[in-house]
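Undergrad: Just so it is clear, I am handing over upload_7.cif, which has mmCIF, C-alpha atoms and all ligand atoms.
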data_start
loop_
_atom_site.label_atom_id
_atom_site.label_comp_id
_atom_site.auth_asym_id
_atom_site.auth_seq_id
_atom_site.Cartn_x
_atom_site.Cartn_y
_atom_site.Cartn_z
CA MET D 1 11.12 59.10 194.40
CA GLU D 2 9.02 62.25 194.79
CA ASN D 3 5.50 62.45 193.45
CA ALA D 4 5.63 65.02 190.65
CA VAL D 5 3.68 66.51 187.75
CA LEU D 6 5.16 68.37 184.76
CA ILE D 7 2.94 70.20 182.27
CA HIS D 8 3.38 72.28 179.11
CA GLY D 9 1.19 74.73 177.21
CA GLY D 10 2.46 73.86 173.74
CA ALA D 11 5.41 74.55 171.46
CA GLY D 12 5.23 78.22 170.57
CA THR D 13 3.54 79.39 173.76
CA PRO D 14 5.45 82.34 175.27
CA SER D 15 7.37 81.51 178.46
CA HIS D 16 5.47 84.18 180.43
CA MET D 17 2.43 81.89 180.17
CA SER D 18 4.26 79.54 182.55
CA SER D 19 2.68 81.51 185.41
CA ILE D 20 -0.79 80.33 184.27
CA LEU D 21 0.52 76.77 184.33
CA GLU D 22 2.07 77.25 187.79
CA ASP D 23 -1.34 78.40 189.06
CA ILE D 24 -2.97 75.35 187.52
CA LEU D 25 -0.54 73.04 189.32
CA LYS D 26 -0.96 74.94 192.60
CA ASN D 27 -4.67 74.08 192.46
CA ILE D 28 -4.16 70.39 191.74
CA LYS D 29 -4.74 68.14 194.75
CA LEU D 30 -2.61 65.06 195.22
CA GLU D 31 -4.44 61.86 194.31
CA ASN D 32 -3.03 58.41 194.64
CA ASN D 33 -3.53 57.91 190.90
CA ALA D 34 -0.95 58.86 188.27
CA LEU D 35 -3.55 58.92 185.47
CA ASN D 36 -5.77 61.45 187.27
CA MET D 37 -2.75 63.54 188.17
CA ALA D 38 -1.86 63.80 184.45
CA ILE D 39 -5.44 64.36 183.30
CA ASN D 40 -6.50 67.02 185.84
CA PRO D 41 -4.12 69.80 184.71
CA VAL D 42 -4.93 69.01 181.06
CA ILE D 43 -8.63 69.60 181.82
CA SER D 44 -7.71 73.04 183.23
CA MET D 45 -5.69 73.86 180.10
CA GLU D 46 -8.53 72.64 177.85
CA ASP D 47 -10.87 75.01 179.70
CA ASN D 48 -8.53 77.98 179.27
CA PRO D 49 -9.09 79.64 175.84
CA PHE D 50 -5.43 80.75 175.66
CA PHE D 51 -4.42 77.18 174.87
CA ASN D 52 -5.02 75.28 171.65
CA ALA D 53 -7.00 72.41 173.21
CA GLY D 54 -10.66 72.08 174.19
CA THR D 55 -12.03 75.65 174.36
CA GLY D 56 -9.70 77.69 172.15
CA SER D 57 -8.89 74.88 169.73
CA VAL D 58 -7.91 76.21 166.32
CA PRO D 59 -10.46 75.69 163.51
CA ARG D 60 -9.86 73.57 160.43
CA MET D 61 -9.77 75.24 157.02
CA ASP D 62 -13.51 74.53 156.57
CA GLY D 63 -14.27 76.29 159.87
CA SER D 64 -15.02 73.12 161.86
CA ILE D 65 -13.21 72.29 165.09
CA GLN D 66 -11.93 68.74 165.46
CA MET D 67 -9.82 67.82 168.46
CA ASP D 68 -7.40 65.01 169.34
CA ALA D 69 -6.56 63.76 172.85
CA ALA D 70 -4.89 60.75 174.44
CA VAL D 71 -4.00 59.26 177.80
CA MET D 72 -1.57 56.51 178.70
CA SER D 73 -0.70 54.81 181.96
CA GLY D 74 1.35 51.66 182.20
CA LYS D 75 0.41 49.66 179.14
CA GLU D 76 -3.10 51.10 178.97
CA PHE D 77 -3.88 53.63 176.25
CA GLY D 78 -6.92 55.53 175.02
CA SER D 79 -7.39 58.27 172.43
CA VAL D 80 -9.95 60.23 170.49
CA ILE D 81 -9.26 61.54 167.01
CA CYS D 82 -11.07 64.44 165.32
CA ILE D 83 -13.74 64.51 168.02
CA GLU D 84 -16.22 67.41 167.81
CA ASN D 85 -18.39 69.42 170.18
CA VAL D 86 -17.20 68.16 173.54
CA LYS D 87 -15.70 70.30 176.32
CA ASN D 88 -12.92 67.99 177.47
CA PRO D 89 -11.59 65.57 174.85
CA VAL D 90 -9.03 64.24 177.36
CA LEU D 91 -11.84 62.84 179.51
CA VAL D 92 -13.35 61.07 176.53
CA ALA D 93 -9.91 59.61 175.72
CA ARG D 94 -9.75 58.34 179.32
CA ASP D 95 -13.18 56.74 178.88
CA VAL D 96 -12.07 55.06 175.65
CA MET D 97 -9.27 53.52 177.73
CA ILE D 98 -11.24 52.48 180.79
CA ARG D 99 -14.86 52.11 179.58
CA SER D 100 -14.53 50.72 176.05
CA PRO D 101 -12.89 47.63 174.58
CA HIS D 102 -10.94 49.87 172.14
CA ILE D 103 -7.87 52.04 172.30
CA MET D 104 -8.76 54.67 169.68
CA LEU D 105 -12.01 56.14 168.41
CA SER D 106 -12.23 58.66 165.59
CA GLY D 107 -14.59 61.19 163.99
CA ASP D 108 -18.34 60.66 164.39
CA GLY D 109 -17.70 57.42 166.28
CA ALA D 110 -15.68 59.27 168.92
CA THR D 111 -18.32 62.00 169.25
CA GLU D 112 -21.15 59.43 169.46
CA PHE D 113 -19.20 57.51 172.12
CA ALA D 114 -18.82 60.75 174.10
CA ARG D 115 -22.60 61.30 174.02
CA GLU D 116 -23.19 57.71 175.16
CA MET D 117 -20.81 58.35 178.06
CA GLY D 118 -22.86 61.42 179.03
CA TYR D 119 -20.74 64.26 177.60
CA GLU D 120 -23.05 67.06 176.50
CA TYR D 121 -22.86 69.14 173.32
CA TYR D 122 -20.32 71.94 173.71
CA ASN D 123 -18.99 74.42 171.16
CA PRO D 124 -15.23 75.02 171.76
CA GLU D 125 -15.05 77.86 169.19
CA THR D 126 -13.51 81.18 170.24
CA GLU D 127 -13.46 84.57 168.58
CA ALA D 128 -9.65 84.48 168.38
CA GLY D 129 -9.73 81.12 166.55
CA MET D 130 -12.26 82.33 164.00
CA GLU D 131 -10.28 85.58 163.50
CA ARG D 132 -7.18 83.52 162.75
CA LEU D 133 -9.12 81.51 160.16
CA LYS D 134 -10.51 84.68 158.57
CA LYS D 135 -7.00 86.11 158.24
CA PHE D 136 -5.70 82.87 156.74
CA ARG D 137 -8.56 82.75 154.22
CA GLY D 138 -7.73 86.31 153.24
CA GLU D 139 -4.09 85.34 152.61
CA VAL D 140 -5.15 82.30 150.56
CA ALA D 141 -7.55 84.42 148.50
CA LYS D 142 -4.65 86.76 147.73
CA ASN D 143 -1.73 84.35 147.28
CA GLY D 144 -3.32 80.92 146.80
CA LEU D 145 -2.49 77.82 148.87
CA PRO D 146 1.25 77.24 149.32
CA ASP D 147 2.50 74.04 147.74
CA LYS D 148 1.79 70.93 149.86
CA PHE D 149 0.98 73.07 152.90
CA LYS D 150 4.62 74.09 153.28
CA PHE D 151 3.42 76.89 155.58
CA LEU D 152 2.74 74.24 158.23
CA GLU D 153 6.45 74.07 158.89
CA LYS D 154 6.55 77.57 160.31
CA LYS D 155 3.57 77.24 162.61
CA SER D 156 3.44 75.86 166.12
CA GLY D 157 1.44 72.87 167.34
CA ASP D 158 0.38 74.29 170.68
CA THR D 159 -0.75 70.93 172.03
CA VAL D 160 -1.09 70.85 175.82
CA GLY D 161 0.23 67.93 177.84
CA ALA D 162 1.14 66.52 181.23
CA VAL D 163 3.30 63.74 182.63
CA ALA D 164 3.02 62.44 186.19
CA ARG D 165 5.01 60.23 188.55
CA ILE D 166 2.87 59.11 191.49
CA ASP D 167 3.95 56.38 193.91
CA GLY D 168 6.41 55.14 191.29
CA ASN D 169 3.71 54.88 188.59
CA PHE D 170 3.81 56.98 185.42
CA ALA D 171 1.06 58.48 183.28
CA ALA D 172 0.73 60.97 180.43
CA ALA D 173 -2.13 63.00 178.95
CA VAL D 174 -2.29 65.20 175.88
CA SER D 175 -4.90 67.30 174.08
CA THR D 176 -4.89 69.51 170.99
CA GLY D 177 -6.91 71.35 168.41
CA GLY D 178 -4.18 70.44 165.89
CA SER D 179 -1.63 72.46 163.91
CA PHE D 180 -3.12 75.46 162.16
CA PRO D 181 -3.82 75.55 159.23
CA MET D 182 -5.07 72.05 158.42
CA LEU D 183 -7.67 70.13 156.47
CA ARG D 184 -10.74 68.62 158.10
CA GLY D 185 -9.90 65.05 159.06
CA ARG D 186 -6.19 65.71 159.50
CA VAL D 187 -4.61 63.72 162.36
CA GLY D 188 -1.43 64.79 164.13
CA ASP D 189 0.87 63.03 166.58
CA SER D 190 -1.10 63.58 169.78
CA PRO D 191 -3.60 60.69 169.61
CA ILE D 192 -1.09 58.20 168.16
CA ILE D 193 0.57 55.90 170.67
CA GLY D 194 4.34 56.34 170.60
CA ALA D 195 4.17 59.49 168.47
CA GLY D 196 2.78 62.26 170.69
CA ILE D 197 2.55 60.28 173.92
CA TYR D 198 4.04 57.28 175.68
CA ALA D 199 4.14 56.05 179.28
CA GLY D 200 5.44 52.85 180.79
CA GLU D 201 7.31 51.53 183.79
CA LYS D 202 10.41 53.67 183.01
CA GLY D 203 8.67 57.03 182.69
CA ALA D 204 6.30 59.17 180.63
CA VAL D 205 6.84 61.36 177.56
CA VAL D 206 4.62 63.87 175.75
CA ALA D 207 5.41 65.79 172.55
CA THR D 208 4.23 69.07 171.06
CA GLY D 209 4.90 70.76 167.73
CA ILE D 210 4.26 69.87 164.12
CA GLY D 211 2.50 66.52 164.40
CA GLU D 212 3.38 65.20 160.96
CA GLU D 213 7.11 65.32 161.70
CA ILE D 214 6.74 64.08 165.28
CA ALA D 215 4.69 61.09 164.10
CA ARG D 216 7.15 60.28 161.29
CA ASN D 217 9.82 59.98 163.97
CA ILE D 218 7.68 58.05 166.52
CA LEU D 219 9.24 60.60 168.82
CA SER D 220 7.73 59.83 172.23
CA TYR D 221 8.47 56.12 172.04
CA ARG D 222 11.97 56.77 170.67
CA ILE D 223 12.75 58.89 173.70
CA TYR D 224 11.06 56.45 176.08
CA SER D 225 13.03 53.52 174.70
CA GLU D 226 16.32 55.34 175.43
CA ILE D 227 15.48 56.06 179.09
CA GLY D 228 18.11 54.56 181.39
CA LYS D 229 20.83 54.43 178.72
CA GLU D 230 21.90 58.08 179.07
CA ARG D 231 20.83 61.15 181.04
CA LEU D 232 17.27 62.13 180.13
CA GLU D 233 18.44 65.63 179.21
CA THR D 234 20.97 64.24 176.71
CA ILE D 235 18.37 61.99 175.06
CA VAL D 236 15.66 64.65 174.79
CA LYS D 237 17.95 67.44 173.58
CA ARG D 238 19.45 65.22 170.88
CA GLU D 239 16.01 64.22 169.57
CA VAL D 240 14.41 67.67 169.71
CA ASP D 241 17.48 69.40 168.22
CA SER D 242 17.30 67.08 165.21
CA PHE D 243 13.96 68.70 164.23
CA THR D 244 13.88 71.53 161.70
CA VAL D 245 10.23 72.30 162.54
CA SER D 246 8.73 73.33 165.87
CA CYS D 247 9.05 70.56 168.46
CA GLY D 248 8.95 70.29 172.25
CA ILE D 249 9.03 67.49 174.81
CA ILE D 250 8.21 67.04 178.46
CA ALA D 251 9.39 63.81 180.08
CA ILE D 252 9.70 62.33 183.53
CA THR D 253 11.50 59.25 184.83
CA GLY D 254 12.16 57.79 188.30
CA ASP D 255 14.73 60.46 189.12
CA GLU D 256 14.80 63.03 186.31
CA TYR D 257 12.48 65.36 184.44
CA ILE D 258 12.88 67.76 181.53
CA SER D 259 10.96 70.34 179.57
CA TYR D 260 12.76 71.19 176.32
CA SER D 261 11.75 72.80 173.03
CA ASN D 262 13.40 74.25 169.94
CA THR D 263 11.00 77.20 170.28
CA THR D 264 9.37 78.94 173.23
CA MET D 265 7.25 76.65 175.41
CA ALA D 266 5.47 77.51 178.67
CA TYR D 267 5.76 74.78 181.30
CA ALA D 268 5.45 74.18 185.03
CA TYR D 269 6.63 71.48 187.43
CA ARG D 270 5.48 70.64 190.94
CA GLU D 271 6.42 68.01 193.47
CA PHE D 272 3.74 66.74 195.85
N1 LIG D 301 1.17 68.40 167.86
C1 LIG D 301 -0.19 68.61 167.57
C2 LIG D 301 -0.53 68.41 166.20
O1 LIG D 301 0.31 68.56 165.30
O2 LIG D 301 -1.66 68.11 165.93
#
Mind turning this structure into structure tokens?
TA:
Amino acid sequence: MENAVLIHGGAGTPSHMSSILEDILKNIKLENNALNMAINPVISMEDNPFFNAGTGSVPRMDGSIQMDAAVMSGKEFGSVICIENVKNPVLVARDVMIRSPHIMLSGDGATEFAREMGYEYYNPETEAGMERLKKFRGEVAKNGLPDKFKFLEKKSGDTVGAVARIDGNFAAAVSTGGSFPMLRGRVGDSPIIGAGIYAGEKGAVVATGIGEEIARNILSYRIYSEIGKERLETIVKREVDSFTVSCGIIAITGDEYISYSNTTMAYAYREF
């Protein structure tokens, strides 16, 4: 069983961005710790403004930036929901898992916890994100808000994620600014155990795409629970192909891995 890490840059990211992800994996050093091996590339993607996570996260409709992130290794899980003004939400999610008695922290509580853990104020806003919001507001001013946010269905999630298999142990990490456009306080699949992320003794799974639909289908756990019954490729393709909105999956098991999406999705894989 080779040590391996598989990462993606989000449903909707053009495949040529895979070269950025390959460079990220080239710079990752092998650690004897599956959790760190999943988290480290996610930190690099959060720090790269081309990805919708950390710096570069898309703004909410009120202009604020609220981010979700989660980590899972074995039966341990930690996530932050709608956290604000931190550089690397995935690290705060890790600290929820290993330094708090909880598994999920949300909103002001998550941000306050981050400060207590020593994470300094950081503004993840980018010019491109604010431009996108300006354009959207212009469209709304002209045409009004589409009924029940139907426009969400056409947009990508752009979550970033990683799964790792190290010394037979599995871990997953995920981070996102959410699915544009969205209300303040909206929560997608990424920080919900079993929806956007799952890892256990059989493997690790991370999802990307429209969080509402992914969460309704408890997609990551559904795929995880099927591992070992059929080829991983068969399981993942069946689940992803059943989606009518943007959806992508990366998954790794003891002897298989797959990156698959019903839209474009940059990804990279490396064995160590
Ligand atoms: N998949 C990320 C989100 O919908 O928030």
Undergrad: Could you check which of D:Ile210, D:Ile20, D:Ala128, D:Ile98 is closest to ligand LIG 301 (chain D), using all atoms listed in the file?
TA: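 Going through D:Ile210, D:Ile20, D:Ala128, D:Ile98 one by one, the smallest distance to ligand LIG 301 (chain D) is for D:Ile210.
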Undergrad: Report, as JSON, the centre and edge lengths in Å (one decimal) of the axis-aligned box enclosing every listed atom of ligand LIG 301 (chain D), padded by 5 Å on each side.
TA:
{"center_x": -0.2, "center_y": 68.4, "center_z": 166.6, "size_x": 12.8, "size_y": 10.5, "size_z": 12.6}
Undergrad: Residues within 9 Å of ligand LIG 301 (chain D) should be enumerated using only C-alpha atoms and all ligand atoms and returned as an MDAnalysis selection string.
TA: chainID D and resid 10:11 67:68 156:160 175:180 186:191 196 207:215 247
Undergrad: Pick out the closest residue to D:Ser19 from this set: D:Val42, D:Ile235, D:Val245, D:Ile7. Count only C-alpha atoms.
TA: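 Among D:Val42, D:Ile235, D:Val245, D:Ile7, it is D:Ile7 that comes nearest to D:Ser19.
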Undergrad: Env of D:Leu91: 12 Å cut, atoms = all atoms listed in the file, seq-sep filter 5 positions within chain, self excluded. Answer as a ChimeraX atom specification.
TA: /D:35-36,38-44,46,54,68-71,78-80,83,86,96-99,110,113-114,117-119,173-175
Undergrad: Which residues, protein or nucleic acid, reach to within 10 Å of (8.1, 60.6, 189.9) in the file's coordinates when using only C-alpha atoms, and can you give that as an MDAnalysis selection string?
TA: chainID D and resid 1:6 34 163:171 203:204 252:257 271:272
Undergrad: Report the distance between atom CA of D:Ile81 and atom CA of D:Ala53 in Å, rounded to one decimal place.
TA: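 Between atom CA of D:Ile81 and atom CA of D:Ala53 the gap is 12.7 Å.
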Undergrad: Of the candidates D:Lys26, D:Arg184, D:Arg137, D:Lys202, which one gets nearest to D:Ser225 if we count all atoms listed in the file?
TA: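 Counting all atoms listed in the file, the residue closest to D:Ser225 is D:Lys202.
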Undergrad: Point out the residue among D:Met104, D:Ile258, D:Leu219, D:Val92 with the least atom-to-atom distance to D:Ser242, counting only C-alpha atoms.
TA: D:Leu219
Undergrad: Could you tell me how far atom CA of D:Glu131 lies from atom CA of D:Phe243, in Å and to one decimal?
TA: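 Taking atom CA of D:Glu131 and atom CA of D:Phe243, their separation equals 29.5 Å.
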Undergrad: Rank D:Lys142, D:Ser100, D:Met182, D:Asp47 by their smallest atom-to-atom distance to D:Gln66, using all atoms listed in the file, and report the top residue only.
TA: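 Closest residue, counting all atoms listed in the file: D:Met182.
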Undergrad: Rounded to one decimal, what separation in Å do you get between atom CA of D:Pro101 and atom CA of D:Ser73?
TA: 16.0 Å
